[in-house]
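Asks: Below: one structure in C-alpha cells.
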Protein chains: 2
Amino acid sequence: MTQHAPGPDPTNRPKAAVMEDVAERAGVSAMTVSRVLNTPDKVRPDTRARVLDAVRALGYRPNFAARSLVTGRSGALGVVSFDTTLYGPASTLHGIEQAARADDYLITIVSVGALNRRSIGEAVNRLRFQSVDGVIIVAPHESAADGLRHLPPDLPVVVVGARDNLPVPVASVDQATGAVRATRHLLSLGHDTVWHVSGPQDWIDARARIEGWRSVLQSEGRQIPEPLLGDWSARSGFEHGKLLARDPEVTAIFAANDHMATGVLRALREAGRRVPQDVSVVGFDDVPEAPYLWPPLSTVRQNFTEVGRLSFQLLLDRIDGRTSPAHHLIEPELVVRESTSARPPR
Amino acid sequence: MTQHAPGPDPTNRPKAAVMEDVAERAGVSAMTVSRVLNTPDKVRPDTRARVLDAVRALGYRPNFAARSLVTGRSGALGVVSFDTTLYGPASTLHGIEQAARADDYLITIVSVGALNRRSIGEAVNRLRFQSVDGVIIVAPHESAADGLRHLPPDLPVVVVGARDNLPVPVASVDQATGAVRATRHLLSLGHDTVWHVSGPQDWIDARARIEGWRSVLQSEGRQIPEPLLGDWSARSGFEHGKLLARDPEVTAIFAANDHMATGVLRALREAGRRVPQDVSVVGFDDVPEAPYLWPPLSTVRQNFTEVGRLSFQLLLDRIDGRTSPAHHLIEPELVVRESTSARPPR
DNA sequence: TATCCGAGTGTTTGCGCTAACAGATTTCAT
DNA sequence: ATGAAATCTGTTAGCGCAAACACTCGGATA
C-alpha cells in the first residue's frame with residue numbers, strides 16, 4: 001500500500017468525543033466529568049459549568065454500552081406482546097411507552113405470533129440478551145400460562161392481562177366487572193335475558209367476560225343461552241349475528257368486543273331487525289369509532305393507558321426489589337350510547 | 001454490623017456466568033469461547049462441542065453491553081413513530097418488527113405526540129443515547145419535514161411515509177396512485193364527479209390523496225368539488241357526511257380513510273340515502289373491519305407489512321454503508337366491495 | 001529432511017465508563 | 001491559629017468482551 005501521508009480519516013467522520021476528551025478540555029479528570037453527568041451536586045458549581053461547556057462544545061454523549069457494562073443497568077425495558085395491531089395490545093403498549101418515557105426508560109418490543117411457552121421463552125431471552133432491566137408481558141391468552149410460570153427467576157417481570165396465581169405481579173382491567181355491567185344494563189332495560197357473542201375460549205379476557213355475563217343471568221334467575229364463540233373479528237360477529245337475527249326471542253346481545261359488535265349490527269340490519277328498537281347491542285372496548293357506528297354503540301370502556309401506566313409502575317417496583325401485591329385490577333366503565341333501549345313489546 | 005460469617009449471597013442469586021467461566025469449564029481460553037459464539041467455523045468441531053456443552057451447562061448468555069462496547073454495534077434499531085394506536089402506524093411498526101426479528105435485530109420504540117423538529121430531535125437523541133444502530137422514522141406529517149432535514153449526519157436513518165427531497169431514503173405507499181384508483185373506479189361506474197372527505201392538510205398522505213383524486217377529475221374534465229377537511233376520525237367523517245347527504249348532486253364519495261368512511265356511511269344512512277344505490281363510498285386503508293361494515297366497504301388497501309419490511313431493508317443497507325436510491329414506493333390495491341355501484345338514474 | 005503454510009488456539013490489550021478508595025482542599029469549631 | 005470534619009477531586013482498577021497479534025502443531029512441499 002502506498003500510504004505516504006497519514007491524511008484525513010477516510011470516513012471523514014471525526015471519532016466521537018469520549019469522556020477523557022471532555023475532561024481534558026475542561027481541565028479536570030474523567031471521573032469529575034462522570035460525576036457532573038450522574039451526581040451533579042457532588043461537584044462544585046464552577047467546575048460543573050466548565051465541564052458542561054466542554055460537553056456542549058464537543059457534542060459529547062456518554063457511551064451507553066460502557067455505562068451499562070459497569071452499572072449493570074440498561075435503562076431499557078422489554079415488552080412482549082401478542083399481535084400489536086389489535087386495538088387492545090396497541091393501546092396498552094402505548095400506555096406503557098408513555099409512562100416509561102416520563103421516567104426516562106426506553107421500550108424494546110418483541111411481538112409474538114403465538115403465546116406459548118416456547119415463544120414467550122424465546123422473546124424473553126431475546127430481551128435479556130439485550131440486557132433489559134425488566135420485562136412486561138402482555139399475555140391475554142390462556143396458552144401463555146405455562147410460559148409465565150417458567151420465567152427466569154432473576155428477571156423482573158410484570159404481566160398484563162393474565163389470570164391470577166402467577167408468581168409475578170399482574171395488572172389488568174377487571175373484565176368480569178365490565179361484563180357484569182353490560183349485562184345488568186341490558187336486563188335493567190327490561191330484556192328477559194342476554195345473548196353473548198364471546199371471544200375465543202383461550203383468551204383470558206373472553207372467559208372472564210363470559211363468567212361475568214353468566215353470573216348476572218344466574219343470580220337473576222334468567223335463562224342462560226349458550227354463548228356463541230367468535231374470534232374477535234367483525235366477520236365472526238357477522239356470522240353469529242345472522243343466526244341470532246333469525247330468532248325472534250333474541251332482543252339483547254352482548255358482544256365481547258366492538259369489532260364483533262360491528263358485525264352483529266350489520267347482520268341484524270341485513271335481516272331487517274332494527275337496533276335498538278328490536279334488538280339492543282352492547283360491545284366491549286370502546287374503540288375510537290364506536291360512537292360513530294350506526295347506531296352509536298353502547299360499550300364497555302377499558303382504560304388501556306392506565307393499564308400501561310400501572311404495569312410500568314409495578315415493574316419499576318419489581319426492579320427495585322420492592323415486592324408488590326399480586327393482582328391489580330382496573331375498573332372498566334359502561335358507556336351507554338344508542339344501540340341499547342327498552343325491550344320491544346311482546 | 002455483626003457480619004460474623006460470610007454466608008451465602010444474601011440475594012441468593014448466583015452471579016451469572018461469564019465467558020471466562022465457560023472457558024474454564026471447557027478447558028479452553030476465553031477467546032475460543034468468543035469464537036465459538038461469533039465465528040463457529042474457525043473452531044475445530046470437537047472443541048466447539050465442548051464449549052457449547054459448557055455454555056449450556058452454565059446457562060451462559062453473553063453480556064450484551066460488553067459486546068457492544070467493543071464492537072460498536074448494538075443489534076438494536078430505533079423506531080420513532082407518531083401515535084402508535086392508529087391503524088397505519090401500528091401496522092407499519094408491526095411490519096418493521098417482523099422483518100427485524102427475522103434478522104435478529106431488536107426494535108426500540110419511541111412514540112411521539114407531535115411531529116416537529118424538537119420532538120423528532122429529542123426522540124432520535126434518546127435512541128442514539130441507547131446506541132441504536134439506526135433509526136426508522138415514521139413521519140407521515142408535513143411538520144416533520146424540518147426535523148427530518150436536520151438529522152445527525154452520522155446516524156443511519158430511513159424515513160417512512162414522508163415527502164421526497166429528503167437527504168435520507170424514504171419508503172412509502174404510493175398514496176396518489178391509490179387515490180387515482182379509487183377515483184377512477186367511481187367515475188367508471190358512471191358518476192359525474194367524486195366528492196372527497198380528506199385527511200388533515202398537514203398529513204403528507206392526506207395531501208397526496210387529494211392530489212391523486214384531483215388529478216383524475218382534472219384530466220377527465222370533471223367538476224372538482226372543494227375537498228372536505230376531516231381529521232381521520234369517524235367523527236369528522238360523520239359531520240361531513242351529514243353535509244354531503246343533504247346535497248342530491250352527491251352520488252360518489254371518496255373518504256381518505258376507512259374510519260372517516262365509516263362516519264360517512266352512518267351519516268348517509270341517517271339521512272335516508274342508501275349505499276350504494278343512492279351514493280357510492282370508497283375508503284382508504286382496508287382496516288380489518290372494512291369487509292364487515294354495512295355495506296362492506298370498497299377501499300384501497302395499503303400493504304403496511306411490506307412497508308415495514310422495505311424500510312427495514314433500506315436501513316440495513318444504510319448501516320452497511322450501501323447507499324440506496326431516494327424514494328421507494330409501494331403500490332396500493334383497490335378492493336371493490338359493496339359500497340360502490342352504478343350512478344343512480346337521474 | 002528442512003521449510004513453509006495455514007488452521008486452530010492463546011495472550012495481550014483496550015473499548016468507555018464508574019465504584020471504591022485515596023488524596024487534596026475547604027470549612028468550621030475550638 | 002489548628003485540628004477535625006466535610007467537601008471536592010483524582011487515581012486505580014475492572015466490568016465482559018473481541019481485535020490484533022503471537023504461537024503451536026500437523027501436514028504439504030521442495
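Starting from 1 in every chain, residues are counted up; chains themselves are A, B, ... following the order of the C-alpha cells, and ligands are numbered from 1 as listed.
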Could you work out which residues of chain C fall inside 9 Å of chain B? Count only C-alpha atoms (C1' of nucleotides), and format the result as a PyMOL selection string.
Replies: chain C and resi 7-10+14-16
Asks: Those selected residues, please, written with all heavy atoms and delivered as a short mmCIF file (atom, residue, chain, number, x, y, z; two decimals), in the first residue's frame.
Replies:
data_model
loop_
_atom_site.label_atom_id
_atom_site.label_comp_id
_atom_site.auth_asym_id
_atom_site.auth_seq_id
_atom_site.Cartn_x
_atom_site.Cartn_y
_atom_site.Cartn_z
P DA C 7 -6.55 -21.90 6.45
OP1 DA C 7 -7.11 -21.97 5.09
OP2 DA C 7 -6.42 -20.61 7.14
"O5'" DA C 7 -7.35 -22.91 7.38
"C5'" DA C 7 -7.04 -24.30 7.32
"C4'" DA C 7 -6.88 -24.83 8.73
"O4'" DA C 7 -5.61 -24.41 9.27
"C3'" DA C 7 -7.96 -24.33 9.70
"O3'" DA C 7 -8.44 -25.43 10.44
"C2'" DA C 7 -7.22 -23.33 10.59
"C1'" DA C 7 -5.80 -23.91 10.59
N9 DA C 7 -4.75 -22.93 10.84
C8 DA C 7 -4.59 -21.72 10.23
N7 DA C 7 -3.53 -21.04 10.66
C5 DA C 7 -2.99 -21.87 11.61
C6 DA C 7 -1.86 -21.73 12.44
N6 DA C 7 -1.06 -20.67 12.42
N1 DA C 7 -1.59 -22.74 13.30
C2 DA C 7 -2.40 -23.81 13.31
N3 DA C 7 -3.49 -24.06 12.58
C4 DA C 7 -3.73 -23.04 11.74
P DG C 8 -9.64 -25.27 11.44
OP1 DG C 8 -10.37 -26.55 11.54
OP2 DG C 8 -10.34 -24.03 11.06
"O5'" DG C 8 -8.87 -25.02 12.79
"C5'" DG C 8 -8.32 -26.15 13.48
"C4'" DG C 8 -7.64 -25.66 14.71
"O4'" DG C 8 -6.66 -24.66 14.35
"C3'" DG C 8 -8.55 -25.00 15.74
"O3'" DG C 8 -8.39 -25.69 16.96
"C2'" DG C 8 -8.06 -23.56 15.84
"C1'" DG C 8 -6.62 -23.69 15.38
N9 DG C 8 -6.03 -22.48 14.82
C8 DG C 8 -6.52 -21.71 13.80
N7 DG C 8 -5.76 -20.68 13.51
C5 DG C 8 -4.71 -20.78 14.41
C6 DG C 8 -3.57 -19.95 14.59
O6 DG C 8 -3.27 -18.93 13.97
N1 DG C 8 -2.74 -20.41 15.61
C2 DG C 8 -3.00 -21.54 16.36
N2 DG C 8 -2.11 -21.85 17.30
N3 DG C 8 -4.05 -22.33 16.21
C4 DG C 8 -4.86 -21.88 15.22
P DT C 9 -9.37 -25.44 18.18
OP1 DT C 9 -9.49 -26.71 18.94
OP2 DT C 9 -10.57 -24.76 17.67
"O5'" DT C 9 -8.54 -24.42 19.06
"C5'" DT C 9 -7.41 -24.92 19.78
"C4'" DT C 9 -6.56 -23.77 20.26
"O4'" DT C 9 -6.26 -22.89 19.16
"C3'" DT C 9 -7.20 -22.86 21.30
"O3'" DT C 9 -6.74 -23.27 22.57
"C2'" DT C 9 -6.71 -21.46 20.94
"C1'" DT C 9 -5.80 -21.69 19.74
N1 DT C 9 -5.86 -20.61 18.72
C2 DT C 9 -4.81 -19.73 18.66
O2 DT C 9 -3.86 -19.76 19.40
N3 DT C 9 -4.94 -18.76 17.68
C4 DT C 9 -5.98 -18.61 16.77
O4 DT C 9 -5.97 -17.72 15.94
C5 DT C 9 -7.04 -19.58 16.89
C7 DT C 9 -8.21 -19.52 15.97
C6 DT C 9 -6.93 -20.53 17.85
P DG C 10 -7.07 -22.45 23.91
OP1 DG C 10 -6.89 -23.35 25.06
OP2 DG C 10 -8.35 -21.75 23.69
"O5'" DG C 10 -5.89 -21.38 23.92
"C5'" DG C 10 -4.55 -21.84 24.01
"C4'" DG C 10 -3.59 -20.66 24.18
"O4'" DG C 10 -3.64 -19.85 22.97
"C3'" DG C 10 -3.94 -19.72 25.33
"O3'" DG C 10 -2.74 -19.41 26.05
"C2'" DG C 10 -4.51 -18.48 24.64
"C1'" DG C 10 -3.82 -18.49 23.30
N9 DG C 10 -4.61 -17.90 22.22
C8 DG C 10 -5.83 -18.34 21.77
N7 DG C 10 -6.30 -17.63 20.78
C5 DG C 10 -5.33 -16.66 20.57
C6 DG C 10 -5.28 -15.60 19.63
O6 DG C 10 -6.12 -15.31 18.77
N1 DG C 10 -4.11 -14.85 19.76
C2 DG C 10 -3.12 -15.09 20.68
N2 DG C 10 -2.09 -14.26 20.65
N3 DG C 10 -3.15 -16.07 21.55
C4 DG C 10 -4.28 -16.81 21.45
P DG C 14 -3.27 -0.96 25.25
OP1 DG C 14 -2.42 -0.08 24.43
OP2 DG C 14 -3.10 -1.04 26.72
"O5'" DG C 14 -4.79 -0.57 24.97
"C5'" DG C 14 -5.33 -0.74 23.67
"C4'" DG C 14 -6.83 -0.76 23.77
"O4'" DG C 14 -7.27 -2.01 24.36
"C3'" DG C 14 -7.41 0.34 24.67
"O3'" DG C 14 -8.53 0.87 24.03
"C2'" DG C 14 -7.80 -0.40 25.94
"C1'" DG C 14 -8.25 -1.72 25.34
N9 DG C 14 -8.32 -2.85 26.26
C8 DG C 14 -7.52 -3.11 27.35
N7 DG C 14 -7.84 -4.22 27.97
C5 DG C 14 -8.94 -4.71 27.25
C6 DG C 14 -9.73 -5.87 27.46
O6 DG C 14 -9.62 -6.73 28.32
N1 DG C 14 -10.73 -5.98 26.49
C2 DG C 14 -10.94 -5.08 25.48
N2 DG C 14 -11.95 -5.35 24.65
N3 DG C 14 -10.22 -4.00 25.27
C4 DG C 14 -9.24 -3.88 26.19
P DC C 15 -8.97 2.35 24.18
OP1 DC C 15 -8.25 3.18 23.18
OP2 DC C 15 -8.90 2.68 25.61
"O5'" DC C 15 -10.50 2.29 23.78
"C5'" DC C 15 -10.93 1.67 22.57
"C4'" DC C 15 -12.30 1.09 22.79
"O4'" DC C 15 -12.16 -0.16 23.51
"C3'" DC C 15 -13.19 1.96 23.67
"O3'" DC C 15 -13.98 2.77 22.82
"C2'" DC C 15 -14.04 0.96 24.44
"C1'" DC C 15 -13.31 -0.38 24.29
N1 DC C 15 -12.81 -1.00 25.55
C2 DC C 15 -13.30 -2.25 25.97
O2 DC C 15 -14.16 -2.82 25.29
N3 DC C 15 -12.81 -2.81 27.11
C4 DC C 15 -11.88 -2.17 27.81
N4 DC C 15 -11.43 -2.77 28.91
C5 DC C 15 -11.38 -0.90 27.41
C6 DC C 15 -11.87 -0.35 26.28
P DG C 16 -13.76 4.39 22.90
OP1 DG C 16 -14.46 4.96 21.76
OP2 DG C 16 -12.34 4.71 23.18
"O5'" DG C 16 -14.57 4.74 24.23
"C5'" DG C 16 -15.96 4.47 24.26
"C4'" DG C 16 -16.41 4.47 25.70
"O4'" DG C 16 -15.71 3.45 26.42
"C3'" DG C 16 -16.12 5.78 26.44
"O3'" DG C 16 -17.37 6.35 26.77
"C2'" DG C 16 -15.30 5.35 27.67
"C1'" DG C 16 -15.59 3.86 27.76
N9 DG C 16 -14.52 3.08 28.33
C8 DG C 16 -13.17 3.19 28.10
N7 DG C 16 -12.45 2.32 28.75
C5 DG C 16 -13.38 1.57 29.47
C6 DG C 16 -13.19 0.49 30.35
O6 DG C 16 -12.13 -0.05 30.69
N1 DG C 16 -14.40 0.01 30.86
C2 DG C 16 -15.63 0.55 30.54
N2 DG C 16 -16.68 -0.03 31.11
N3 DG C 16 -15.83 1.56 29.71
C4 DG C 16 -14.66 2.02 29.22
#
Asks: Give the residues of chain D that lie within 9 Å of chain B; count only C-alpha atoms (C1' of nucleotides), and format the answer as JSON, numbers by chain.
Replies: {"D": [15, 16, 17, 18, 19]}
Asks: Please produce a file of those selected residues containing C-alpha atoms (C1' of nucleotides), as a PDB file, in the first residue's frame.
Replies:
ATOM      1  C1'  DC D  15     -16.848  -4.529  34.223  1.00  0.00           C
ATOM      2  C1'  DG D  16     -17.065  -8.617  29.845  1.00  0.00           C
ATOM      3  C1'  DC D  17     -15.941  -8.969  25.551  1.00  0.00           C
ATOM      4  C1'  DA D  18     -13.464  -9.183  20.822  1.00  0.00           C
ATOM      5  C1'  DA D  19      -9.482  -7.235  17.729  1.00  0.00           C
TER       6       DA D  19
END
Asks: Using DSSP secondary structure from the backbone, list all helix (DSSP H, G or I) positions within segment 98-271 of chain A, as a ChimeraX atom specification.
Replies: /A:98-102,117-129,144-149,175-188,204-219,234-246,258-270
Asks: Need the shell around His191 of chain B: protein/DNA/RNA residues with any atom at most 9 Å away, counting only C-alpha atoms (C1' of nucleotides). Skip same-chain ones fewer than 3 positions apart. Format as a ChimeraX atom specification?
Replies: /B:186-188,194,251-252,280,342-344
Asks: From the DSSP assignment of the backbone, select every residue of segment 58-232 of chain B that is strand (DSSP E), and format the answer as a VMD selection string.
Replies: chain B and resid 76 to 82 106 to 112 134 to 138 157 to 160 170 to 173 195 to 198 228 to 229
Asks: Would you write out, as CSV, a table of all residues in chain A that have an atom no more than 8 Å from an atom of chain B, listing for each the closest atom pair and the distance in Å to one decimal, considering only C-alpha atoms and ordering rows by chain and rising residue number?
Replies:
residue,atom,partner,partner_atom,distance
A:Arg13,CA,B:Asp154,CA,7.6
A:Arg61,CA,B:Phe129,CA,7.0
A:Pro62,CA,B:Phe129,CA,7.4
A:Asn63,CA,B:Phe129,CA,7.3
A:Phe64,CA,B:Gln130,CA,5.5
A:Ala65,CA,B:Ala65,CA,4.7
A:Ala66,CA,B:Leu69,CA,5.7
A:Ser68,CA,B:Ala65,CA,6.1
A:Leu69,CA,B:Ala65,CA,5.1
A:Thr84,CA,B:His94,CA,6.6
A:Thr85,CA,B:Ala90,CA,5.5
A:Tyr87,CA,B:Thr85,CA,7.0
A:Ala90,CA,B:Thr85,CA,5.5
A:Ser91,CA,B:Thr85,CA,5.6
A:His94,CA,B:Thr84,CA,6.6
A:Glu97,CA,B:Val110,CA,7.3
A:Gln98,CA,B:Ser111,CA,7.9
A:Leu106,CA,B:Thr108,CA,7.0
A:Ile107,CA,B:Thr108,CA,5.6
A:Thr108,CA,B:Thr108,CA,4.1
A:Ile109,CA,B:Ile107,CA,5.9
A:Val110,CA,B:Glu97,CA,7.2
A:Ser111,CA,B:Glu97,CA,7.3
A:Phe129,CA,B:Phe64,CA,6.1
A:Gln130,CA,B:Phe64,CA,5.5
A:Ser131,CA,B:Phe64,CA,6.3
A:Asp154,CA,B:Arg13,CA,7.2
A:Ser233,CA,B:Glu289,CA,7.3
A:Ala234,CA,B:Glu289,CA,5.6
A:Arg235,CA,B:Tyr292,CA,6.1
A:Phe238,CA,B:Tyr292,CA,7.1
A:His259,CA,B:Glu289,CA,6.8
A:Thr262,CA,B:Leu293,CA,6.9
A:Gly263,CA,B:Tyr292,CA,5.7
A:Arg266,CA,B:Trp294,CA,5.5
A:Pro288,CA,B:Ser233,CA,7.8
A:Glu289,CA,B:Ala234,CA,5.5
A:Pro291,CA,B:Arg235,CA,7.8
A:Tyr292,CA,B:Gly263,CA,5.6
A:Leu293,CA,B:Arg266,CA,6.5
A:Trp294,CA,B:Arg266,CA,5.5
A:Pro295,CA,B:Arg266,CA,7.8
